[in-house]
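**Student:** Provided below: coords-v4.txt, containing compact mmCIF, C-alpha atoms.
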```
# COMPACT_ATOMS: atom_id res chain seq x y z
CA MET A 1 13.25 -35.69 -33.68
CA PRO A 2 10.97 -37.88 -35.82
CA THR A 3 9.57 -40.96 -34.15
CA GLY A 4 8.86 -42.87 -37.33
CA ASN A 5 7.31 -42.63 -40.72
CA PRO A 6 3.66 -41.54 -40.90
CA PRO A 7 1.13 -43.99 -42.33
CA PHE A 8 1.09 -42.08 -45.62
CA PRO A 9 3.72 -39.71 -46.99
CA GLY A 10 2.71 -36.09 -46.59
CA LEU A 11 -0.10 -36.80 -44.16
CA PRO A 12 -0.20 -36.06 -40.42
CA GLU A 13 1.55 -38.62 -38.25
CA ALA A 14 -1.56 -38.91 -36.03
CA SER A 15 -3.62 -40.51 -38.78
CA THR A 16 -5.21 -43.73 -37.45
CA VAL A 17 -7.04 -44.81 -40.60
CA THR A 18 -4.82 -47.46 -42.16
CA PRO A 19 -5.60 -50.58 -44.20
CA LYS A 20 -5.23 -52.72 -41.06
CA THR A 21 -7.58 -50.61 -38.94
CA VAL A 22 -10.15 -50.48 -41.74
CA ILE A 23 -10.10 -54.26 -42.09
CA ALA A 24 -10.33 -54.68 -38.30
CA VAL A 25 -13.37 -52.40 -38.04
CA GLY A 26 -15.04 -54.06 -41.03
CA ALA A 27 -14.64 -57.49 -39.41
CA VAL A 28 -15.01 -56.93 -35.66
CA LEU A 29 -18.00 -54.57 -35.47
CA PRO A 30 -20.32 -56.66 -37.72
CA ALA A 31 -19.25 -59.80 -35.80
CA LEU A 32 -20.15 -58.26 -32.43
CA ALA A 33 -23.43 -56.97 -33.86
CA THR A 34 -24.23 -60.47 -35.16
CA ILE A 35 -23.72 -61.94 -31.68
CA ALA A 36 -26.00 -59.31 -30.15
CA VAL A 37 -28.78 -59.93 -32.68
CA ALA A 38 -28.45 -63.71 -32.32
CA LEU A 39 -28.86 -63.43 -28.54
CA ARG A 40 -31.82 -61.11 -29.05
CA PHE A 41 -33.64 -63.64 -31.20
CA TYR A 42 -32.77 -66.42 -28.74
CA VAL A 43 -34.47 -64.47 -25.96
CA ARG A 44 -37.44 -63.64 -28.16
CA ILE A 45 -38.00 -67.20 -29.40
CA ALA A 46 -36.90 -69.35 -26.46
CA ARG A 47 -38.00 -67.12 -23.57
CA THR A 48 -40.64 -64.55 -24.39
CA LYS A 49 -41.88 -66.36 -27.54
CA SER A 50 -42.69 -63.00 -29.07
CA VAL A 51 -40.90 -61.79 -32.21
CA GLY A 52 -42.02 -58.34 -33.31
CA VAL A 53 -41.46 -55.68 -35.95
CA ASP A 54 -38.53 -54.26 -34.00
CA ASP A 55 -36.69 -57.59 -34.21
CA PHE A 56 -37.10 -57.91 -37.98
CA LEU A 57 -35.98 -54.30 -38.47
CA ILE A 58 -32.77 -54.88 -36.51
CA LEU A 59 -32.16 -58.09 -38.48
CA PHE A 60 -32.47 -56.12 -41.73
CA ALA A 61 -30.03 -53.52 -40.38
CA LEU A 62 -27.57 -56.26 -39.40
CA THR A 63 -27.69 -57.80 -42.88
CA LEU A 64 -26.78 -54.49 -44.51
CA THR A 65 -24.09 -53.82 -41.88
CA ILE A 66 -22.40 -57.13 -42.68
CA ALA A 67 -22.49 -56.23 -46.38
CA LEU A 68 -20.90 -52.84 -45.64
CA GLY A 69 -18.21 -54.50 -43.51
CA ILE A 70 -17.33 -56.84 -46.36
CA MET A 71 -17.26 -53.87 -48.73
CA ILE A 72 -14.70 -51.87 -46.79
CA ILE A 73 -12.55 -54.97 -46.22
CA VAL A 74 -12.47 -55.66 -49.95
CA GLY A 75 -11.91 -51.97 -50.68
CA SER A 76 -8.89 -51.90 -48.40
CA ALA A 77 -7.55 -55.14 -49.89
CA VAL A 78 -7.71 -53.77 -53.47
CA HIS A 79 -6.14 -50.43 -52.37
CA ALA A 80 -9.29 -48.42 -53.00
CA LEU A 81 -9.47 -47.28 -49.35
CA ALA A 82 -6.92 -45.98 -46.84
CA GLN A 83 -4.57 -44.94 -49.61
CA PRO A 84 -3.22 -41.52 -50.68
CA THR A 85 -5.15 -39.90 -53.50
CA PRO A 86 -3.15 -39.28 -56.71
CA LEU A 87 -2.60 -35.53 -57.01
CA GLY A 88 -2.04 -35.38 -60.76
CA ASP A 89 0.05 -32.72 -62.46
CA GLY A 90 0.15 -29.16 -61.20
CA PRO A 91 -1.43 -27.53 -58.14
CA GLU A 92 -4.96 -28.38 -59.30
CA GLY A 93 -4.16 -31.72 -60.87
CA PHE A 94 -6.22 -33.57 -58.24
CA LEU A 95 -9.38 -32.06 -59.78
CA VAL A 96 -8.99 -33.94 -63.06
CA VAL A 97 -6.92 -36.99 -62.13
CA LEU A 98 -8.72 -40.32 -62.62
CA ASN A 99 -7.66 -43.95 -62.30
CA ASP A 100 -9.15 -47.32 -61.38
CA ALA A 101 -8.61 -46.77 -57.64
CA ILE A 102 -10.48 -43.46 -57.68
CA ILE A 103 -13.36 -44.95 -59.69
CA THR A 104 -13.64 -47.90 -57.28
CA THR A 105 -13.50 -45.57 -54.27
CA GLU A 106 -16.26 -43.33 -55.63
CA LYS A 107 -18.50 -46.30 -56.39
CA MET A 108 -17.95 -47.64 -52.88
CA LYS A 109 -18.64 -44.23 -51.33
CA TRP A 110 -21.95 -43.89 -53.16
CA THR A 111 -23.05 -47.44 -52.28
CA PHE A 112 -21.90 -47.11 -48.68
CA ASN A 113 -23.78 -43.84 -48.11
CA LEU A 114 -26.90 -45.24 -49.74
CA LEU A 115 -26.99 -48.35 -47.55
CA GLN A 116 -25.81 -46.52 -44.45
CA VAL A 117 -28.93 -44.34 -44.48
CA LEU A 118 -31.12 -47.45 -44.56
CA VAL A 119 -29.16 -49.09 -41.73
CA LEU A 120 -29.35 -46.12 -39.38
CA GLY A 121 -33.00 -45.47 -40.28
CA THR A 122 -34.03 -49.07 -39.54
CA ILE A 123 -32.06 -49.11 -36.26
CA LYS A 124 -33.85 -45.95 -35.11
CA LEU A 125 -37.23 -47.40 -36.12
CA SER A 126 -36.41 -50.69 -34.37
CA VAL A 127 -35.72 -48.84 -31.11
CA LEU A 128 -38.95 -46.84 -31.40
CA PHE A 129 -41.06 -49.93 -32.08
CA PHE A 130 -39.36 -51.65 -29.16
CA TYR A 131 -40.41 -48.73 -26.94
CA ARG A 132 -43.99 -49.13 -28.13
CA ARG A 133 -43.96 -52.77 -27.02
CA ILE A 134 -43.08 -52.02 -23.42
CA PHE A 135 -44.37 -48.51 -22.71
CA ARG A 136 -47.96 -47.31 -22.64
CA GLY A 137 -49.71 -43.97 -22.37
CA LYS A 138 -51.56 -41.52 -24.56
CA THR A 139 -48.79 -38.91 -24.53
CA PHE A 140 -46.14 -41.51 -25.26
CA ASP A 141 -48.25 -42.94 -28.08
CA TYR A 142 -48.45 -39.55 -29.80
CA TYR A 143 -44.78 -38.82 -29.23
CA SER A 144 -43.59 -42.21 -30.51
CA ARG A 145 -45.79 -41.97 -33.59
CA GLY A 146 -44.36 -38.52 -34.28
CA MET A 147 -40.79 -39.78 -33.91
CA ILE A 148 -41.51 -42.72 -36.21
CA THR A 149 -42.81 -40.27 -38.81
CA ILE A 150 -39.75 -38.02 -38.42
CA VAL A 151 -37.32 -40.93 -38.69
CA GLY A 152 -39.16 -42.33 -41.70
CA ALA A 153 -39.04 -38.93 -43.43
CA TRP A 154 -35.36 -38.54 -42.47
CA THR A 155 -34.49 -41.92 -43.98
CA ILE A 156 -36.42 -41.39 -47.21
CA THR A 157 -35.08 -37.85 -47.71
CA PHE A 158 -31.40 -38.71 -47.33
CA PHE A 159 -31.74 -42.00 -49.24
CA PHE A 160 -33.07 -40.30 -52.34
CA THR A 161 -30.65 -37.39 -51.91
CA VAL A 162 -27.78 -39.86 -52.19
CA LEU A 163 -29.47 -41.85 -54.93
CA PHE A 164 -29.94 -38.83 -57.20
CA GLU A 165 -26.87 -36.89 -56.08
CA CYS A 166 -26.03 -36.27 -59.74
CA GLY A 167 -29.60 -36.47 -61.03
CA THR A 168 -29.95 -39.27 -63.53
CA LYS A 169 -26.36 -38.92 -64.80
CA PHE A 170 -24.92 -41.60 -62.58
CA GLU A 171 -21.63 -41.73 -64.54
CA TYR A 172 -20.58 -38.45 -62.93
CA LEU A 173 -20.67 -40.13 -59.52
CA TRP A 174 -17.43 -41.99 -60.30
CA SER A 175 -15.82 -39.47 -62.60
CA THR A 176 -13.25 -36.75 -61.89
CA LEU A 177 -13.64 -34.46 -58.91
CA LEU A 178 -14.21 -31.56 -61.31
CA ASN A 179 -17.22 -33.30 -62.90
CA LEU A 180 -18.56 -34.17 -59.46
CA LEU A 181 -18.36 -30.56 -58.31
CA THR A 182 -19.83 -29.23 -61.55
CA HIS A 183 -22.74 -31.56 -62.22
CA CYS A 184 -23.70 -32.92 -58.81
CA THR A 185 -24.96 -31.54 -55.51
CA ASN A 186 -22.47 -30.53 -52.85
CA ASP A 187 -22.08 -33.87 -51.11
CA LEU A 188 -19.84 -32.38 -48.43
CA MET A 189 -22.65 -30.16 -47.17
CA TYR A 190 -25.05 -33.08 -47.47
CA LEU A 191 -22.77 -35.34 -45.42
CA LYS A 192 -22.42 -32.73 -42.67
CA ALA A 193 -26.19 -32.19 -42.51
CA TYR A 194 -26.74 -35.95 -42.52
CA ALA A 195 -24.23 -36.63 -39.72
CA ILE A 196 -25.48 -33.80 -37.49
CA SER A 197 -29.16 -34.71 -37.93
CA ASP A 198 -28.27 -38.34 -37.22
CA VAL A 199 -26.82 -37.41 -33.82
CA ILE A 200 -29.81 -35.16 -33.00
CA THR A 201 -32.42 -37.83 -33.80
CA ASP A 202 -30.46 -40.42 -31.80
CA GLY A 203 -30.47 -38.09 -28.80
CA LEU A 204 -34.23 -37.54 -29.05
CA ILE A 205 -34.87 -41.28 -29.30
CA LEU A 206 -32.61 -42.18 -26.37
CA ALA A 207 -34.22 -39.56 -24.15
CA THR A 208 -37.72 -40.95 -24.83
CA PRO A 209 -37.96 -43.60 -22.05
CA ILE A 210 -36.21 -41.67 -19.28
CA PRO A 211 -39.27 -39.69 -17.97
CA ILE A 212 -41.39 -42.87 -18.13
CA ILE A 213 -38.83 -44.95 -16.23
CA TRP A 214 -38.46 -42.28 -13.57
CA ARG A 215 -42.21 -42.38 -12.87
CA LEU A 216 -42.28 -46.16 -12.32
CA GLN A 217 -42.87 -47.49 -8.80
CA MET A 218 -39.33 -48.78 -8.31
CA SER A 219 -36.39 -48.00 -6.13
CA VAL A 220 -34.00 -45.28 -7.28
CA GLY A 221 -31.26 -47.84 -7.76
CA ARG A 222 -33.37 -49.95 -10.05
CA LYS A 223 -34.53 -46.89 -11.98
CA LEU A 224 -30.92 -45.96 -12.60
CA ALA A 225 -30.09 -49.53 -13.68
CA VAL A 226 -33.01 -49.68 -16.10
CA GLY A 227 -32.25 -46.20 -17.45
CA ALA A 228 -28.60 -47.10 -17.96
CA ALA A 229 -29.62 -50.07 -20.10
CA PHE A 230 -31.53 -47.76 -22.41
CA LEU A 231 -28.80 -45.11 -22.43
CA LEU A 232 -26.14 -47.49 -23.72
CA GLY A 233 -26.84 -45.95 -27.11
CA LEU A 234 -24.77 -42.98 -25.93
CA VAL A 235 -21.67 -44.84 -27.13
CA ALA A 236 -23.13 -44.87 -30.65
CA ILE A 237 -23.87 -41.16 -30.37
CA ALA A 238 -20.26 -40.61 -29.28
CA ALA A 239 -19.07 -42.40 -32.44
CA GLY A 240 -21.38 -40.23 -34.52
CA LEU A 241 -20.04 -37.07 -32.88
CA ALA A 242 -16.46 -38.22 -33.49
CA ARG A 243 -17.30 -38.73 -37.15
CA VAL A 244 -18.72 -35.19 -37.41
CA VAL A 245 -15.77 -33.55 -35.64
CA ILE A 246 -13.10 -35.41 -37.63
CA PHE A 247 -14.92 -34.93 -40.93
CA VAL A 248 -15.35 -31.19 -40.40
CA SER A 249 -11.72 -30.78 -39.29
CA GLN A 250 -10.52 -32.57 -42.42
CA LEU A 251 -12.59 -30.29 -44.64
CA ALA A 252 -11.04 -27.27 -42.94
CA ASP A 253 -7.55 -28.46 -43.93
CA GLY A 254 -6.58 -27.37 -47.42
CA PHE A 255 -4.28 -30.35 -47.96
CA SER A 256 -6.86 -32.88 -46.74
CA ILE A 257 -9.40 -31.63 -49.29
CA SER A 258 -7.14 -32.93 -52.04
CA GLN A 259 -6.97 -36.32 -50.30
CA GLY A 260 -10.44 -37.51 -51.26
CA ILE A 261 -9.73 -41.21 -50.77
CA LEU A 262 -8.55 -40.73 -47.20
CA ILE A 263 -11.47 -38.44 -46.37
CA ILE A 264 -13.90 -41.05 -47.70
CA THR A 265 -12.05 -43.81 -45.80
CA THR A 266 -12.22 -41.86 -42.54
CA TRP A 267 -15.94 -41.30 -43.07
CA MET A 268 -16.55 -45.02 -43.68
CA TYR A 269 -14.32 -46.00 -40.76
CA TRP A 270 -16.26 -43.99 -38.15
CA SER A 271 -19.59 -44.78 -39.80
CA MET A 272 -18.85 -48.49 -39.45
CA ILE A 273 -18.10 -48.03 -35.76
CA GLU A 274 -21.37 -46.17 -35.27
CA LEU A 275 -23.40 -48.81 -37.15
CA GLY A 276 -21.99 -51.70 -35.12
CA LEU A 277 -22.35 -49.96 -31.76
CA SER A 278 -25.89 -48.82 -32.62
CA ILE A 279 -27.03 -52.38 -33.31
CA ILE A 280 -25.42 -53.66 -30.12
CA ALA A 281 -26.95 -50.85 -28.05
CA ALA A 282 -30.38 -51.47 -29.60
CA CYS A 283 -30.19 -55.17 -28.64
CA LEU A 284 -28.88 -54.92 -25.07
CA PRO A 285 -32.18 -53.83 -23.42
CA THR A 286 -33.91 -56.86 -24.96
CA LEU A 287 -31.36 -59.22 -23.36
CA ARG A 288 -32.50 -58.45 -19.81
CA PRO A 289 -34.02 -61.94 -19.23
CA LEU A 290 -30.79 -63.55 -20.40
CA LEU A 291 -28.46 -61.25 -18.49
CA GLY A 292 -30.50 -61.76 -15.34
CA GLU A 293 -29.44 -65.42 -15.26
CA TRP A 294 -25.77 -64.44 -15.28
CA SER A 295 -26.05 -61.76 -12.61
CA LEU A 296 -24.71 -62.09 -9.07
CA GLN A 297 -28.24 -62.10 -7.73
CA GLY A 298 -29.14 -65.01 -10.02
CA TYR A 299 -26.12 -66.95 -8.83
CA TYR A 300 -27.04 -66.23 -5.21
CA LYS A 301 -30.59 -67.54 -5.76
CA PHE A 302 -29.22 -70.70 -7.41
CA LEU A 303 -26.80 -71.28 -4.54
CA ARG A 304 -29.53 -70.72 -1.95
CA SER A 305 -31.88 -73.12 -3.72
CA TYR A 306 -29.11 -75.72 -3.86
CA ILE A 307 -28.40 -75.37 -0.12
CA THR A 308 -32.13 -75.58 0.64
CA LEU A 309 -32.46 -78.79 -1.38
CA ARG A 310 -29.44 -80.28 0.40
CA SER A 311 -31.01 -79.30 3.72
CA LYS A 312 -34.25 -81.02 2.77
CA SER A 313 -32.41 -84.15 1.66
CA SER A 314 -30.33 -84.21 4.86
CA SER A 315 -33.45 -83.75 7.01
CA THR A 316 -35.19 -86.61 5.21
CA ARG A 317 -32.19 -88.92 5.73
CA ARG A 318 -31.97 -88.01 9.43
CA ASN A 319 -35.67 -88.69 10.01
CA ARG A 320 -35.52 -91.94 8.03
CA SER A 321 -32.65 -93.05 10.26
CA SER A 322 -34.66 -92.11 13.36
CA GLU A 323 -37.61 -94.06 12.00
CA LEU A 324 -35.48 -97.17 11.51
CA GLU A 325 -34.06 -96.88 15.03
CA SER A 326 -37.56 -96.49 16.37
CA GLU A 327 -38.67 -99.66 14.59
CA LYS A 328 -35.72 -101.55 16.07
CA SER A 329 -36.58 -100.30 19.55
CA GLU A 330 -40.17 -101.37 19.10
CA ASP A 331 -39.09 -104.85 18.04
CA LEU A 332 -36.84 -105.10 21.06
CA GLY A 333 -39.67 -103.87 23.31
CA LYS A 334 -41.98 -106.53 21.94
CA GLU A 335 -39.52 -109.24 22.88
CA LEU A 336 -38.93 -107.88 26.40
CA GLU A 337 -42.36 -106.64 27.44
CA GLY A 338 -44.68 -108.93 25.59
CA SER A 339 -47.94 -108.27 23.87
CA SER A 340 -49.00 -105.27 25.98
CA ASN A 341 -46.44 -103.03 24.35
CA SER A 342 -47.25 -104.29 20.89
CA SER A 343 -50.92 -103.40 21.42
CA GLN A 344 -49.91 -99.86 22.35
CA VAL A 345 -47.82 -99.62 19.21
CA GLY A 346 -50.73 -100.86 17.16
CA ILE A 347 -52.87 -97.94 18.33
CA LEU A 348 -50.44 -95.40 16.75
CA PRO A 349 -51.20 -94.45 13.14
CA PRO A 350 -48.63 -95.77 10.68
CA ASN A 351 -47.95 -92.29 9.22
CA VAL A 352 -46.74 -90.62 12.42
CA ALA A 353 -43.12 -90.88 11.36
CA ARG A 354 -43.91 -89.39 7.92
CA MET A 355 -45.72 -86.45 9.58
CA ALA A 356 -42.62 -85.76 11.64
CA THR A 357 -40.46 -85.99 8.54
CA ASN A 358 -42.44 -83.27 6.77
CA VAL A 359 -41.82 -80.73 9.51
CA TYR A 360 -38.21 -80.02 8.55
CA PRO A 361 -38.77 -79.15 4.85
CA MET A 362 -41.53 -76.72 5.87
CA LYS A 363 -39.09 -74.98 8.19
CA ASP A 364 -36.66 -74.63 5.30
CA VAL A 365 -39.33 -73.12 3.07
CA GLU A 366 -40.38 -70.67 5.76
CA ALA A 367 -36.77 -69.65 6.23
CA GLN A 368 -36.42 -68.61 2.57
CA THR A 369 -36.42 -64.85 2.24
CA THR A 370 -37.48 -65.08 -1.41
CA ILE A 371 -41.03 -66.03 -0.43
CA THR A 372 -43.12 -62.86 -0.58
CA SER A 373 -46.75 -61.94 -0.43
CA SER A 374 -48.88 -62.24 -3.56
CA ARG A 375 -49.16 -58.46 -3.75
CA VAL A 376 -45.39 -57.91 -3.94
CA THR A 377 -44.94 -60.78 -6.37
CA ALA A 378 -47.60 -59.39 -8.67
CA ARG A 379 -46.06 -55.95 -8.59
CA ASP A 380 -42.66 -57.41 -9.41
CA GLN A 381 -44.21 -59.29 -12.32
CA ILE A 382 -45.85 -56.12 -13.55
CA GLU A 383 -42.55 -54.29 -13.38
CA ARG A 384 -40.82 -57.02 -15.33
CA ALA A 385 -43.60 -57.12 -17.88
CA SER A 386 -43.52 -53.35 -18.27
CA TYR A 387 -39.77 -53.51 -18.87
CA ILE A 388 -39.20 -56.59 -20.99
CA GLN A 389 -41.93 -58.51 -22.74
```
Any chance you could put this one into structure tokens?
**Tutor:**
Amino acid sequence: MPTGNPPFPGLPEASTVTPKTVIAVGAVLPALATIAVALRFYVRIARTKSVGVDDFLILFALTLTIALGIMIIVGSAVHALAQPTPLGDGPEGFLVVLNDAIITTEKMKWTFNLLQVLVLGTIKLSVLFFYRRIFRGKTFDYYSRGMITIVGAWTITFFFTVLFECGTKFEYLWSTLLNLLTHCTNDLMYLKAYAISDVITDGLILATPIPIIWRLQMSVGRKLAVGAAFLLGLVAIAAGLARVVIFVSQLADGFSISQGILIITTWMYWSMIELGLSIIAACLPTLRPLLGEWSLQGYYKFLRSYITLRSKSSSTRRNRSSELESEKSEDLGKELEGSSNSSQVGILPPNVARMATNVYPMKDVEAQTTITSSRVTARDQIERASYIQ
């Protein structure tokens, strides 16, 4: 028994790419990425005071991601995305049908793929340059330089492949499907090769710091925590894999092949998810100084410091009260015993009470478990410096 009408007539009921979901992805993912990049620059400027190449690369990627988000929102609003493709007349009418919606969709697809290559390329380069800021070693230096070269070549190759998909006859890019298949390269094969190589390079980049982290002189728990921060990019890889699987499955369906607009929309939908998650994952390891303040350990240290200060203040008040009582007793002794007692009081140094007062704060300081030897402190500083600059 049918449970309801599918999003589009003739399409599978499980389709999740609708105008509303496209608009949501185009708005939410760039917004979350903007927050992540803003926090990254706050840490760099206000805390570490060190803005590097990796930060400017991620900023460039964010700018293009926002532009792509606006593009798919507008495309959905003008019915150029997430809409059924006109099939034309006859069984092969979809090959020659052409209207304003198809032209707009094809222009958006070409622009989206062109900018998407630049976004993913700059994100990958940003991560690699970030690694070079915090990791050292001859082997790592060679490996990171090699990966930067590979990513640079990957970005340039696919960028110009998209740019000259139809040679210099750009009008065929937004013409009929028949003209596209006749005069241009097979963009379906290109998109599959692009998506698969994107996932592979992401995996190689994410695996880069793991052997280095595991060799650091840290506890196993901390190694796992640090490694997890770098492996958050796995969510972006998952989005990339989902894009590949769904895209390939659509191409295997004879009916879906005729639905070019929906295939393009699905591609943009999952690409937008991957772009946003990639930027967020690339920024999270740089937020370690900021996240440390909001951790449970940071709150515990704040609470302990507050209690220690209250203890010092209470000790000072108690000793001041004792000092005043002592002065009153001395005055009373002078009246009762005469000058002999006053001469004995005069022999005592005036700062005896202050010396007694200082004993209690010292006990509080000695009781703090956060005080460590200079060797341990230095090692901790080295570990922090080797992790986040």
**Student:** Could you tell me how far CA of Trp174 (chain A) sits from CA of Ala27 (chain A), in Å to one decimal place?
**Tutor:**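 For CA of Ala27 (chain A) relative to CA of Trp174 (chain A), the distance reads 26.2 Å.
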**Student:** Using only C-alpha atoms, I'd like a table of the residues in region 224-249 of chain A that come within 8 Å of region 275-286 of chain A; for each, show the closest atom pair and its distance in Å rounded to one decimal, ordered by chain and ascending number, as CSV.
**Tutor:**
```
residue,atom,partner,partner_atom,distance
A:Ala229,CA,A:Pro285,CA,5.6
A:Phe230,CA,A:Pro285,CA,6.2
A:Leu232,CA,A:Ala281,CA,5.5
A:Gly233,CA,A:Ala281,CA,5.0
A:Val235,CA,A:Leu277,CA,6.9
A:Ala236,CA,A:Ser278,CA,5.2
```
**Student:** So that I can check the surroundings of region 127-144 of chain A, please list as number ranges by chain every protein, DNA and RNA residue that reaches within 10 Å of it, counting only C-alpha atoms and ignoring chain neighbours fewer than 2 positions away.
**Tutor:** A: 52-55, 57-58, 122-125, 146-151, 202, 205-206, 208-209, 212-213, 230, 278-279, 281-283, 285-286, 384-389
**Student:** Convert the current residue selection to file output with C-alpha atoms, as a CSV table (one decimal), keeping the file's coordinate frame.
**Tutor:**
```
chain,number,residue,atom,x,y,z
A,52,GLY,CA,-42.0,-58.3,-33.3
A,53,VAL,CA,-41.5,-55.7,-36.0
A,54,ASP,CA,-38.5,-54.3,-34.0
A,55,ASP,CA,-36.7,-57.6,-34.2
A,57,LEU,CA,-36.0,-54.3,-38.5
A,58,ILE,CA,-32.8,-54.9,-36.5
A,122,THR,CA,-34.0,-49.1,-39.5
A,123,ILE,CA,-32.1,-49.1,-36.3
A,124,LYS,CA,-33.8,-46.0,-35.1
A,125,LEU,CA,-37.2,-47.4,-36.1
A,146,GLY,CA,-44.4,-38.5,-34.3
A,147,MET,CA,-40.8,-39.8,-33.9
A,148,ILE,CA,-41.5,-42.7,-36.2
A,149,THR,CA,-42.8,-40.3,-38.8
A,150,ILE,CA,-39.8,-38.0,-38.4
A,151,VAL,CA,-37.3,-40.9,-38.7
A,202,ASP,CA,-30.5,-40.4,-31.8
A,205,ILE,CA,-34.9,-41.3,-29.3
A,206,LEU,CA,-32.6,-42.2,-26.4
A,208,THR,CA,-37.7,-41.0,-24.8
A,209,PRO,CA,-38.0,-43.6,-22.0
A,212,ILE,CA,-41.4,-42.9,-18.1
A,213,ILE,CA,-38.8,-45.0,-16.2
A,230,PHE,CA,-31.5,-47.8,-22.4
A,278,SER,CA,-25.9,-48.8,-32.6
A,279,ILE,CA,-27.0,-52.4,-33.3
A,281,ALA,CA,-27.0,-50.8,-28.0
A,282,ALA,CA,-30.4,-51.5,-29.6
A,283,CYS,CA,-30.2,-55.2,-28.6
A,285,PRO,CA,-32.2,-53.8,-23.4
A,286,THR,CA,-33.9,-56.9,-25.0
A,384,ARG,CA,-40.8,-57.0,-15.3
A,385,ALA,CA,-43.6,-57.1,-17.9
A,386,SER,CA,-43.5,-53.4,-18.3
A,387,TYR,CA,-39.8,-53.5,-18.9
A,388,ILE,CA,-39.2,-56.6,-21.0
A,389,GLN,CA,-41.9,-58.5,-22.7
```
**Student:** Nearest residue to Val162 (chain A) out of A:Ala239, A:Ala82, A:Leu114, A:Met71, using all atoms listed in the file?
**Tutor:** A:Leu114
**Student:** With all atoms listed in the file as the atoms that count, which of A:Met189, A:Cys184, A:Leu204, A:Ala153 lies nearest to Gly167 (chain A)?
**Tutor:**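 The shortest atom-to-atom distance to Gly167 (chain A) comes from A:Cys184.
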**Student:** Any idea what the distance is between CA of Leu163 (chain A) and CA of Trp110 (chain A)?
**Tutor:**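 Taking CA of Leu163 (chain A) as the start and CA of Trp110 (chain A) as the end point, the length is 8.0 Å.
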**Student:** For Thr65 (chain A), work out the shell of residues within 9 Å, counting all atoms listed in the file and skipping chain neighbours fewer than 4 positions away, then give it as a short mmCIF file (atom, residue, chain, number, x, y, z; two decimals) with C-alpha atoms, in the frame of the given file.
**Tutor:**
```cif
data_model
loop_
_atom_site.label_atom_id
_atom_site.label_comp_id
_atom_site.auth_asym_id
_atom_site.auth_seq_id
_atom_site.Cartn_x
_atom_site.Cartn_y
_atom_site.Cartn_z
CA LEU A 29 -18.00 -54.57 -35.47
CA PRO A 30 -20.32 -56.66 -37.72
CA ALA A 33 -23.43 -56.97 -33.86
CA PHE A 60 -32.47 -56.12 -41.73
CA ALA A 61 -30.03 -53.52 -40.38
CA GLY A 69 -18.21 -54.50 -43.51
CA ILE A 70 -17.33 -56.84 -46.36
CA LEU A 115 -26.99 -48.35 -47.55
CA GLN A 116 -25.81 -46.52 -44.45
CA VAL A 119 -29.16 -49.09 -41.73
CA MET A 272 -18.85 -48.49 -39.45
CA LEU A 275 -23.40 -48.81 -37.15
CA GLY A 276 -21.99 -51.70 -35.12
#
```
**Student:** Skip Val74 (chain A) itself and residues of its chain fewer than 3 positions away, then list as a VMD selection string all residues within 12 Å of it, counting all atoms listed in the file.
**Tutor:** chain A and resid 19 to 20 22 to 24 26 to 27 67 to 71 77 to 82 104 to 105 108
**Student:** One number please: CA of Glu165 (chain A) to CA of Leu181 (chain A), in Å, one decimal.
**Tutor:**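 Value for the CA of Glu165 (chain A)-CA of Leu181 (chain A) distance: 10.8 Å.
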**Student:** Could you tell me which of A:His183, A:Arg288, A:Lys192, A:Arg47 comes closest to Phe164 (chain A) if we count only C-alpha atoms?
**Tutor:**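 Closest to Phe164 (chain A), using only C-alpha atoms: A:His183.
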**Student:** Nearest to Gly121 (chain A) among A:Val244, A:Leu95, A:Ala193, A:Ile156, with distances taken over all atoms listed in the file: which residue is it?
**Tutor:**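 When distances to Gly121 (chain A) are compared using all atoms listed in the file, the smallest one comes from A:Ile156.
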